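Colleague: Next up, input35.txt (compact mmCIF, C-alpha atoms).
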# COMPACT_ATOMS: atom_id res chain seq x y z
CA MET E 30 -43.11 -96.47 -174.33
CA ASN E 31 -42.56 -93.28 -172.34
CA ILE E 32 -42.45 -94.79 -168.85
CA ASP E 33 -39.74 -94.92 -166.17
CA LEU E 34 -38.90 -98.63 -166.40
CA ASN E 35 -36.98 -98.56 -163.13
CA ALA E 36 -40.16 -97.55 -161.31
CA LEU E 37 -41.99 -100.68 -162.47
CA PRO E 38 -42.02 -104.09 -160.80
CA SER E 39 -40.05 -106.64 -162.81
CA PRO E 40 -41.19 -108.58 -164.65
CA CYS E 41 -44.49 -106.94 -165.50
CA TYR E 42 -47.01 -106.71 -168.29
CA VAL E 43 -47.74 -103.09 -169.18
CA VAL E 44 -50.95 -102.38 -171.10
CA ASP E 45 -51.36 -98.94 -172.65
CA GLU E 46 -54.89 -97.60 -172.29
CA ALA E 47 -54.55 -95.12 -175.16
CA LEU E 48 -53.52 -97.91 -177.54
CA LEU E 49 -56.43 -100.05 -176.34
CA ILE E 50 -58.86 -97.22 -177.04
CA LYS E 51 -57.42 -96.84 -180.54
CA ASN E 52 -58.23 -100.53 -181.17
CA PHE E 53 -61.68 -100.21 -179.60
CA GLU E 54 -62.46 -97.24 -181.85
CA LYS E 55 -61.51 -99.16 -184.97
CA LEU E 56 -63.70 -102.09 -183.94
CA LYS E 57 -66.56 -99.74 -183.08
CA SER E 58 -66.30 -98.18 -186.55
CA VAL E 59 -67.03 -101.61 -188.05
CA ILE E 60 -70.04 -101.96 -185.76
CA ASP E 61 -71.32 -98.53 -186.76
CA ARG E 62 -70.86 -99.09 -190.49
CA THR E 63 -72.42 -102.55 -190.69
CA GLY E 64 -74.74 -103.00 -187.72
CA CYS E 65 -72.82 -106.15 -186.78
CA LYS E 66 -71.94 -107.01 -183.20
CA ILE E 67 -68.35 -107.51 -182.04
CA LEU E 68 -67.51 -109.51 -178.93
CA LEU E 69 -64.26 -109.92 -177.02
CA ALA E 70 -62.97 -113.50 -177.17
CA GLN E 71 -61.73 -113.75 -173.59
CA LYS E 72 -59.37 -116.59 -174.45
CA GLY E 73 -57.15 -113.94 -176.04
CA PHE E 74 -57.46 -111.13 -173.50
CA SER E 75 -59.04 -111.29 -170.05
CA MET E 76 -57.73 -108.15 -168.33
CA PHE E 77 -61.07 -107.47 -166.68
CA SER E 78 -59.96 -104.19 -165.12
CA VAL E 79 -60.47 -102.64 -168.57
CA TYR E 80 -63.80 -104.41 -169.27
CA PRO E 81 -65.89 -101.38 -168.23
CA LEU E 82 -63.96 -99.25 -170.72
CA MET E 83 -64.22 -101.91 -173.41
CA GLY E 84 -67.94 -102.22 -172.82
CA GLN E 85 -68.36 -98.65 -174.04
CA TYR E 86 -67.32 -99.85 -177.51
CA LEU E 87 -68.00 -103.59 -177.89
CA ASN E 88 -71.17 -105.63 -177.49
CA GLY E 89 -69.99 -108.21 -174.97
CA VAL E 90 -67.79 -111.27 -174.61
CA THR E 91 -67.43 -114.83 -175.78
CA SER E 92 -66.38 -117.57 -173.41
CA SER E 93 -65.33 -121.19 -173.69
CA SER E 94 -65.77 -122.26 -170.08
CA LEU E 95 -67.81 -121.66 -166.96
CA HIS E 96 -65.20 -119.36 -165.48
CA GLU E 97 -64.89 -117.23 -168.61
CA ALA E 98 -68.67 -116.92 -168.83
CA ARG E 99 -68.87 -115.80 -165.21
CA LEU E 100 -66.01 -113.33 -165.66
CA GLY E 101 -67.66 -111.68 -168.64
CA PHE E 102 -71.04 -111.62 -166.94
CA GLU E 103 -69.73 -110.06 -163.74
CA GLU E 104 -67.11 -107.68 -165.11
CA MET E 105 -68.54 -106.38 -168.40
CA GLY E 106 -72.24 -106.98 -167.92
CA LYS E 107 -73.17 -107.07 -171.60
CA GLU E 108 -73.86 -110.01 -173.93
CA VAL E 109 -72.23 -113.31 -172.93
CA HIS E 110 -71.87 -115.98 -175.61
CA THR E 111 -70.60 -119.40 -174.55
CA TYR E 112 -69.24 -122.21 -176.71
CA ALA E 113 -67.35 -125.35 -175.75
CA PRO E 114 -66.41 -128.52 -177.65
CA ALA E 115 -68.53 -130.27 -175.02
CA PHE E 116 -70.40 -129.08 -171.94
CA SER E 117 -70.51 -131.07 -168.71
CA GLU E 118 -73.71 -131.75 -166.81
CA SER E 119 -72.17 -130.54 -163.55
CA GLU E 120 -71.46 -127.05 -164.90
CA PHE E 121 -74.22 -126.50 -167.43
CA ASP E 122 -76.87 -124.99 -165.17
CA GLU E 123 -74.44 -122.35 -163.91
CA ILE E 124 -73.23 -121.65 -167.46
CA LEU E 125 -76.81 -120.98 -168.48
CA SER E 126 -77.22 -118.47 -165.67
CA TYR E 127 -74.43 -116.33 -167.12
CA SER E 128 -75.05 -116.80 -170.85
CA ASP E 129 -77.25 -115.09 -173.44
CA HIS E 130 -76.15 -117.32 -176.32
CA ILE E 131 -75.14 -120.98 -176.05
CA VAL E 132 -73.37 -122.56 -179.02
CA PHE E 133 -73.26 -126.35 -179.17
CA ASN E 134 -70.56 -128.28 -180.96
CA SER E 135 -72.79 -131.18 -181.99
CA PHE E 136 -76.41 -132.15 -182.41
CA GLN E 137 -75.87 -134.76 -179.71
CA GLN E 138 -75.03 -132.03 -177.18
CA TRP E 139 -78.07 -130.04 -178.31
CA ARG E 140 -80.31 -133.03 -177.69
CA GLN E 141 -78.67 -133.65 -174.33
CA PHE E 142 -79.23 -130.13 -173.01
CA LYS E 143 -82.26 -128.98 -175.03
CA ASP E 144 -84.73 -129.30 -172.17
CA LYS E 145 -82.49 -127.37 -169.77
CA VAL E 146 -82.15 -124.51 -172.25
CA THR E 147 -85.79 -124.31 -173.25
CA ASN E 148 -87.03 -124.55 -169.65
CA HIS E 149 -84.60 -121.98 -168.27
CA SER E 150 -86.06 -118.91 -166.59
CA LYS E 151 -84.45 -116.56 -169.13
CA GLN E 152 -84.55 -116.71 -172.90
CA ILE E 153 -81.29 -118.06 -174.29
CA SER E 154 -80.48 -118.07 -177.99
CA VAL E 155 -79.07 -121.40 -179.15
CA GLY E 156 -76.48 -121.81 -181.89
CA LEU E 157 -74.65 -124.67 -183.54
CA ARG E 158 -71.02 -124.64 -184.60
CA ILE E 159 -70.45 -125.75 -188.17
CA ASN E 160 -67.25 -126.86 -189.86
CA PRO E 161 -67.10 -125.77 -193.51
CA GLU E 162 -63.92 -127.86 -193.91
CA TYR E 163 -62.21 -124.85 -195.43
CA SER E 164 -59.32 -122.99 -193.85
CA GLU E 165 -56.17 -121.23 -195.01
CA ILE E 166 -54.22 -121.83 -191.79
CA GLU E 167 -51.04 -123.79 -192.46
CA VAL E 168 -50.24 -124.94 -188.91
CA ASP E 169 -52.58 -127.71 -187.73
CA MET E 170 -52.30 -126.74 -184.08
CA TYR E 171 -54.15 -123.50 -184.85
CA ASN E 172 -56.40 -124.79 -187.63
CA PRO E 173 -59.96 -125.54 -186.44
CA CYS E 174 -60.73 -127.24 -189.76
CA PHE E 175 -57.79 -129.60 -190.16
CA ALA E 176 -58.43 -133.29 -190.80
CA HIS E 177 -60.48 -134.99 -188.08
CA SER E 178 -61.03 -131.72 -186.22
CA ARG E 179 -63.21 -131.94 -183.12
CA PHE E 180 -64.72 -128.51 -183.81
CA GLY E 181 -68.16 -128.20 -185.39
CA VAL E 182 -70.53 -130.19 -187.55
CA THR E 183 -69.53 -130.89 -191.14
CA LEU E 184 -72.05 -130.78 -193.97
CA ASP E 185 -72.03 -134.59 -194.27
CA ASN E 186 -72.96 -134.89 -190.58
CA PHE E 187 -75.56 -132.13 -190.52
CA GLU E 188 -79.02 -133.08 -189.20
CA PRO E 189 -81.60 -130.67 -190.67
CA ASP E 190 -84.45 -132.35 -188.79
CA GLN E 191 -82.84 -131.33 -185.48
CA LEU E 192 -82.82 -127.56 -186.13
CA GLU E 193 -85.98 -126.72 -184.21
CA GLY E 194 -84.96 -124.30 -181.45
CA ILE E 195 -81.60 -123.43 -183.03
CA GLU E 196 -81.40 -119.74 -183.97
CA GLY E 197 -77.82 -119.32 -185.12
CA LEU E 198 -74.80 -120.88 -186.79
CA HIS E 199 -71.20 -120.31 -185.75
CA PHE E 200 -68.00 -120.99 -187.68
CA HIS E 201 -64.40 -120.28 -186.77
CA THR E 202 -61.77 -120.99 -189.41
CA MET E 203 -59.18 -118.21 -189.11
CA CYS E 204 -56.08 -117.25 -187.14
CA GLU E 205 -54.29 -113.88 -187.43
CA GLN E 206 -55.59 -113.43 -190.98
CA ASN E 207 -56.77 -110.62 -193.21
CA SER E 208 -60.28 -110.11 -194.56
CA ASP E 209 -59.56 -111.61 -197.98
CA THR E 210 -59.46 -114.97 -196.19
CA LEU E 211 -62.81 -114.21 -194.58
CA TRP E 212 -64.34 -113.30 -197.94
CA ARG E 213 -63.27 -116.62 -199.46
CA THR E 214 -64.45 -118.49 -196.37
CA ILE E 215 -67.95 -117.05 -196.36
CA GLN E 216 -68.37 -118.00 -200.02
CA VAL E 217 -67.81 -121.62 -198.96
CA VAL E 218 -70.10 -121.29 -195.95
CA ASP E 219 -72.77 -119.65 -198.09
CA GLU E 220 -72.61 -122.38 -200.72
CA GLU E 221 -72.57 -125.29 -198.28
CA PHE E 222 -74.90 -124.06 -195.52
CA GLY E 223 -76.99 -121.38 -197.24
CA ASP E 224 -80.21 -123.41 -197.02
CA TYR E 225 -79.77 -123.56 -193.24
CA ILE E 226 -78.65 -119.95 -192.81
CA LYS E 227 -82.05 -118.97 -194.25
CA GLN E 228 -83.65 -120.49 -191.15
CA MET E 229 -81.46 -118.58 -188.68
CA LYS E 230 -81.65 -115.29 -186.80
CA TRP E 231 -77.89 -114.82 -186.54
CA ILE E 232 -74.53 -116.08 -187.71
CA ASN E 233 -71.18 -115.80 -185.93
CA PHE E 234 -68.01 -115.46 -188.04
CA GLY E 235 -65.83 -116.55 -185.10
CA GLY E 236 -62.39 -115.09 -184.42
CA GLY E 237 -58.98 -114.84 -186.04
CA HIS E 238 -59.77 -111.50 -187.71
CA HIS E 239 -56.70 -109.25 -187.41
CA ILE E 240 -58.88 -106.14 -187.71
CA THR E 241 -56.57 -103.76 -185.84
CA ARG E 242 -53.41 -104.69 -187.74
CA PRO E 243 -52.11 -101.71 -189.74
CA ASP E 244 -52.42 -103.48 -193.12
CA TYR E 245 -55.85 -105.00 -192.45
CA ASP E 246 -58.37 -104.47 -195.26
CA ILE E 247 -61.40 -103.03 -193.44
CA GLU E 248 -63.39 -102.53 -196.65
CA THR E 249 -63.36 -106.24 -197.50
CA LEU E 250 -64.47 -107.02 -193.94
CA ILE E 251 -67.36 -104.58 -194.36
CA ARG E 252 -68.27 -106.19 -197.68
CA SER E 253 -68.16 -109.67 -196.13
CA ILE E 254 -70.43 -108.73 -193.24
CA LEU E 255 -72.95 -106.93 -195.44
CA PHE E 256 -72.98 -109.77 -198.00
CA ILE E 257 -74.35 -112.22 -195.42
CA LYS E 258 -76.37 -109.69 -193.45
CA GLU E 259 -78.24 -108.40 -196.51
CA LYS E 260 -78.62 -111.74 -198.29
CA TYR E 261 -80.19 -113.48 -195.31
CA ASP E 262 -81.49 -110.56 -193.21
CA ILE E 263 -79.78 -111.88 -190.07
CA ASP E 264 -77.51 -110.48 -187.38
CA VAL E 265 -73.77 -110.99 -187.81
CA TYR E 266 -71.36 -111.46 -184.90
CA LEU E 267 -67.56 -111.40 -184.85
CA GLU E 268 -65.49 -112.45 -181.87
CA PRO E 269 -61.86 -111.29 -182.22
CA GLY E 270 -59.54 -111.90 -179.30
CA GLU E 271 -56.06 -110.94 -180.38
CA ALA E 272 -57.25 -107.97 -182.44
CA VAL E 273 -58.79 -106.33 -179.38
CA ALA E 274 -55.43 -106.01 -177.65
CA LEU E 275 -53.04 -106.23 -180.60
CA ASN E 276 -49.94 -104.02 -180.18
CA THR E 277 -51.23 -102.51 -176.92
CA GLY E 278 -48.97 -104.13 -174.34
CA TYR E 279 -45.42 -104.89 -173.32
CA LEU E 280 -43.50 -107.23 -171.04
CA VAL E 281 -40.81 -105.45 -169.04
CA THR E 282 -37.99 -107.65 -167.81
CA THR E 283 -34.57 -107.39 -166.18
CA VAL E 284 -31.24 -109.01 -167.08
CA LEU E 285 -30.16 -111.17 -164.13
CA ASP E 286 -26.85 -112.50 -165.43
CA THR E 287 -24.72 -112.95 -168.56
CA LEU E 288 -22.45 -115.88 -169.39
CA GLN E 289 -20.61 -117.53 -172.27
CA ASN E 290 -21.08 -120.88 -174.00
CA ASP E 291 -19.77 -120.45 -177.57
CA MET E 292 -21.88 -117.26 -177.62
CA PRO E 293 -23.04 -114.69 -175.09
CA ILE E 294 -26.10 -115.75 -173.09
CA ALA E 295 -28.31 -113.58 -170.91
CA ILE E 296 -30.61 -114.89 -168.18
CA LEU E 297 -33.74 -112.79 -167.68
CA ASP E 298 -36.27 -112.64 -164.86
CA THR E 299 -38.98 -113.57 -167.37
CA SER E 300 -39.58 -116.99 -168.87
CA ALA E 301 -40.79 -118.07 -172.28
CA ALA E 302 -42.28 -121.20 -170.76
CA CYS E 303 -44.08 -119.36 -167.93
CA HIS E 304 -44.76 -115.83 -169.12
CA MET E 305 -45.04 -115.98 -172.92
CA PRO E 306 -45.70 -119.63 -173.79
CA ASP E 307 -46.67 -118.89 -177.40
CA VAL E 308 -42.99 -118.14 -178.01
CA LEU E 309 -42.46 -121.88 -177.66
CA GLU E 310 -45.83 -123.11 -178.92
CA MET E 311 -46.16 -121.10 -182.15
CA PRO E 312 -43.12 -120.73 -182.15
CA TYR E 313 -42.18 -117.09 -182.76
CA ARG E 314 -39.58 -114.48 -181.82
CA PRO E 315 -41.06 -111.44 -180.07
CA GLU E 316 -39.64 -107.99 -180.82
CA ILE E 317 -37.63 -106.09 -178.20
CA ILE E 318 -37.46 -102.30 -178.24
CA GLY E 319 -33.97 -101.22 -179.33
CA ALA E 320 -32.77 -104.72 -180.25
CA GLY E 321 -31.80 -106.05 -183.67
CA MET E 322 -31.67 -109.39 -185.37
CA PRO E 323 -28.76 -111.71 -184.49
CA ASN E 324 -25.45 -110.14 -185.60
CA GLU E 325 -27.21 -107.03 -186.90
CA LYS E 326 -25.70 -105.02 -184.05
CA ALA E 327 -22.34 -105.40 -182.34
CA HIS E 328 -23.35 -107.68 -179.45
CA THR E 329 -25.61 -110.72 -179.91
CA TYR E 330 -27.14 -112.59 -176.97
CA ARG E 331 -29.32 -115.64 -176.57
CA PHE E 332 -32.04 -114.95 -174.01
CA GLY E 333 -33.16 -117.61 -171.58
CA GLY E 334 -35.51 -117.67 -168.64
CA PRO E 335 -34.89 -118.50 -164.96
CA THR E 336 -36.56 -121.95 -165.00
CA CYS E 337 -34.85 -125.33 -165.08
CA LEU E 338 -36.39 -126.18 -168.47
CA ALA E 339 -33.54 -126.50 -170.98
CA GLY E 340 -35.77 -125.20 -173.76
CA ASP E 341 -36.80 -122.05 -171.90
CA VAL E 342 -35.16 -119.95 -174.61
CA ILE E 343 -36.73 -116.79 -175.97
CA GLY E 344 -34.43 -116.14 -178.91
CA ASP E 345 -31.32 -114.34 -180.15
CA TYR E 346 -31.05 -110.54 -180.16
CA SER E 347 -28.31 -108.02 -180.85
CA PHE E 348 -27.51 -104.71 -179.17
CA ASP E 349 -25.19 -101.76 -179.70
CA GLN E 350 -23.71 -102.11 -176.21
CA PRO E 351 -22.96 -105.13 -174.01
CA LEU E 352 -25.73 -106.06 -171.59
CA GLN E 353 -25.22 -105.83 -167.85
CA PRO E 354 -27.15 -107.33 -164.92
CA GLY E 355 -29.90 -104.90 -164.03
CA ASP E 356 -30.54 -103.73 -167.59
CA LYS E 357 -34.21 -103.41 -168.50
CA LEU E 358 -35.63 -104.91 -171.70
CA VAL E 359 -39.09 -104.40 -173.18
CA PHE E 360 -40.82 -107.12 -175.24
CA CYS E 361 -43.53 -105.84 -177.58
CA ASP E 362 -47.12 -106.97 -178.23
CA MET E 363 -47.56 -108.88 -174.98
CA ALA E 364 -51.11 -107.92 -174.00
CA HIS E 365 -52.92 -110.77 -175.72
CA TYR E 366 -52.59 -114.48 -174.96
CA SER E 367 -49.45 -114.11 -172.83
CA MET E 368 -51.40 -113.02 -169.76
CA VAL E 369 -54.16 -115.60 -170.17
CA LYS E 370 -51.78 -118.50 -170.87
CA ASN E 371 -49.06 -117.82 -168.33
CA ASN E 372 -48.29 -120.24 -165.51
CA THR E 373 -46.18 -120.76 -162.40
CA PHE E 374 -44.06 -123.71 -163.52
CA ASN E 375 -41.02 -124.15 -161.27
CA GLY E 376 -42.61 -121.77 -158.77
CA VAL E 377 -41.62 -118.82 -160.93
CA ASN E 378 -43.73 -115.83 -159.96
CA LEU E 379 -46.16 -114.30 -162.43
CA PRO E 380 -45.41 -110.86 -163.86
CA ALA E 381 -47.24 -107.94 -162.28
CA ILE E 382 -50.03 -106.33 -164.32
CA VAL E 383 -49.69 -102.60 -164.98
CA LEU E 384 -52.02 -100.20 -166.80
CA ASN E 385 -50.65 -97.00 -168.32
CA THR E 386 -53.81 -94.90 -168.10
CA VAL E 387 -54.71 -91.89 -170.19
CA ASN E 388 -55.57 -89.60 -167.29
CA ASP E 389 -53.77 -90.94 -164.23
CA GLY E 390 -50.50 -92.35 -165.52
CA VAL E 391 -49.11 -95.71 -164.48
CA LYS E 392 -51.16 -97.91 -162.16
CA VAL E 393 -50.02 -101.27 -160.81
CA ILE E 394 -53.23 -103.28 -161.11
CA LYS E 395 -52.00 -106.49 -159.52
CA GLN E 396 -48.87 -108.10 -158.12
CA PHE E 397 -48.58 -111.81 -157.45
CA SER E 398 -47.07 -113.73 -154.56
CA TYR E 399 -46.31 -117.13 -153.11
CA GLU E 400 -50.00 -117.56 -152.26
CA ASP E 401 -50.95 -117.43 -155.94
CA PHE E 402 -48.51 -120.27 -156.62
CA LYS E 403 -49.52 -122.28 -153.56
CA SER E 404 -53.27 -121.90 -154.11
CA ARG E 405 -53.02 -123.89 -157.35
CA LEU E 406 -51.50 -126.86 -155.51
CA SER E 407 -52.47 -129.02 -152.57
Before we go any further, please render this structure as structure tokens.
Modeller:
Amino acid sequence: MNIDLNALPSPCYVVDEALLIKNFEKLKSVIDRTGCKILLAQKGFSMFSVYPLMGQYLNGVTSSSLHEARLGFEEMGKEVHTYAPAFSESEFDEILSYSDHIVFNSFQQWRQFKDKVTNHSKQISVGLRINPEYSEIEVDMYNPCFAHSRFGVTLDNFEPDQLEGIEGLHFHTMCEQNSDTLWRTIQVVDEEFGDYIKQMKWINFGGGHHITRPDYDIETLIRSILFIKEKYDIDVYLEPGEAVALNTGYLVTTVLDTLQNDMPIAILDTSAACHMPDVLEMPYRPEIIGAGMPNEKAHTYRFGGPTCLAGDVIGDYSFDQPLQPGDKLVFCDMAHYSMVKNNTFNGVNLPAIVLNTVNDGVKVIKQFSYEDFKSRLS
């Protein structure tokens, strides 16, 4: 990252526009080769200042709430697909006003809202989420098909007599996986739900496709899309979130203090709990530019955040030289999920949002303040 770190606010997320475009181009190549449509899953990346750029490559957005649907509608202005495990009566009319596709999680919800959809002033395509009860995700927290999942209709609970007005099926079974998993998944979906796919206009393969990862098998993805598209003569949608912004962003932080407690400890101005919660939820250890594994280099530190949460620990890293207060550190791959999941626990301020543009260099898109913290409370 060729940027003067001392000129940046700290902490801050830095998203690199050139790296984003590289991802967009790879996704667009899939669209061009297959005729499929690819949507941004906003749950993974909602930096709407780049939506106009993204809209030059992708077909629109997917949303899982009223606010996400409105954001995609207002800021990208292309297709808006909305799914939720359950919609509320109080929000549904407004959701319809922003959405082109509505995906229901159950036949009961379809019956509940059918009249509102069919009588709406604009034509809205209705889909149903199915659960093929097949997934290769090992961690239940991220597995939409684990036992007793609340997501989608299983084959045993399918109601073929309720399909009138439903134009599409949606499944989501993957998380950070390659296309070989997708190929095996669609064989199950095809076998279990093929009779119903024949009645549809479109099918949505959901998210979890790591399309922009360097080792991702694009050819098997192409084969998977074309297999369904050609067999059933229907449109195919994909809705990656993480893949859109994978390896395009950083989190710049500053060392506030160092201390000893059986090992060197460094306190940073960024928090795992507040600014990169997946570090604790997954859990995982993010990479830092120039750092090694524990004891790989001469000086190993345990990094912790500034909150009062005892478990606000990012991980152990080693360096060639001792760290000093004021040193800058750069965490990698922080564009997706970190920004959308961050929070102000303990009153800790949110990192600024910075865009490293292709033509105009570094731009500070947004900085946060006390008012952002206070406005969430009462």
Colleague: For a test of reading the model, state the distance in Å between CA of Val90 (chain E) and CA of Lys260 (chain E), rounded to one decimal.
Modeller: 26.0 Å
Colleague: Could you name the residues that touch Pro354 (chain E) at 10 Å or less, counting all atoms listed in the file, but leaving out those on the same chain fewer than 3 positions away, as a PyMOL selection string?
Modeller: chain E and resi 283-287+295-297+357
Colleague: For CA of Asn385 (chain E) and CA of Ala47 (chain E), quote the distance in Å rounded to one decimal.
Modeller: 8.1 Å
Colleague: Ranking E:Pro351, E:Pro335, E:Pro269, E:Gly340 by minimum distance to Thr373 (chain E) and counting all atoms listed in the file, which one comes first?
Modeller: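 Using all atoms listed in the file, the shortest distance to Thr373 (chain E) belongs to E:Pro335.
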Colleague: CA of Val265 (chain E) to CA of Asp185 (chain E): how many Å, to one decimal?
Modeller: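 So the two atoms, CA of Val265 (chain E) and CA of Asp185 (chain E), lie 24.5 Å apart.
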Colleague: Which residue is closest to Met76 (chain E)? Choose from E:Tyr366, E:Tyr330, E:Tyr266, E:Phe175 and count only C-alpha atoms.
Modeller: E:Tyr366
Colleague: Enclose all atoms of region 167-183 of chain E listed in the file in an axis-aligned box, grow every side by 6 Å, and hand back centre and edge lengths in Å to one decimal, as lines of an AutoDock Vina configuration file.
Modeller:
center_x = -60.4
center_y = -129.2
center_z = -187.8
size_x = 32.3
size_y = 23.5
size_z = 21.3
Colleague: Which is closer to Gly73 (chain E) than all the others in E:Val359, E:Ile317, E:Ile247, E:Cys204, using all atoms listed in the file?
Modeller: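 Using all atoms listed in the file, Gly73 (chain E) sits closest to E:Cys204.
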Colleague: Which residue gives the smallest distance to Asn371 (chain E) among E:His238, E:His130, E:His304, E:Lys151, with all atoms listed in the file counted?
Modeller: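 Of E:His238, E:His130, E:His304, E:Lys151, the one nearest Asn371 (chain E) is E:His304, counting all atoms listed in the file.
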Colleague: Using only C-alpha atoms, which residue out of E:Phe136, E:Tyr261, E:Tyr346, E:Phe402 lies closest to Ile159 (chain E)?
Modeller: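 Selected residue with least distance to Ile159 (chain E): E:Phe136.
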Colleague: For region 163-174 of chain E, list every protein, DNA or RNA residue within 7 Å, evaluated using all atoms listed in the file, and leave out those in the same chain fewer than 5 positions away; present the list as a PyMOL selection string.
Modeller: chain E and resi 180+201-204+214
Colleague: Which is closest to Ile195 (chain E) among E:Val155, E:Leu49, E:Ala113, E:Ile251, if we use all atoms listed in the file?
Modeller: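 Answer, going by the shortest atom-to-atom distance: E:Val155.
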Colleague: Excluding Gln350 (chain E) and its own-chain neighbours fewer than 6 positions away, which residues fall within 10 Å of it when counting only C-alpha atoms? Please give them as a list in words.
Modeller: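 The neighbour list is Lys326, Ala327, His328 and Thr329 of chain E.
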Colleague: Atoms to include: C-alpha atoms. Write the selected residues as a PDB file, keeping the file's coordinate frame.
Modeller:
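Final output, saved to out.pdb:
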ATOM      1  CA  LYS E 326     -25.700-105.020-184.050  1.00  0.00           C
ATOM      2  CA  ALA E 327     -22.340-105.400-182.340  1.00  0.00           C
ATOM      3  CA  HIS E 328     -23.350-107.680-179.450  1.00  0.00           C
ATOM      4  CA  THR E 329     -25.610-110.720-179.910  1.00  0.00           C
TER       5      THR E 329
END
Colleague: Enumerate, as number ranges by chain, the protein, DNA and RNA residues whose atoms approach (-44.2, -110.8, -171.9) to within 8 Å, taking into account all atoms listed in the file and the coordinate frame of the file.
Modeller: E: 41-42, 279-281, 299, 304-305, 360-364, 367-368
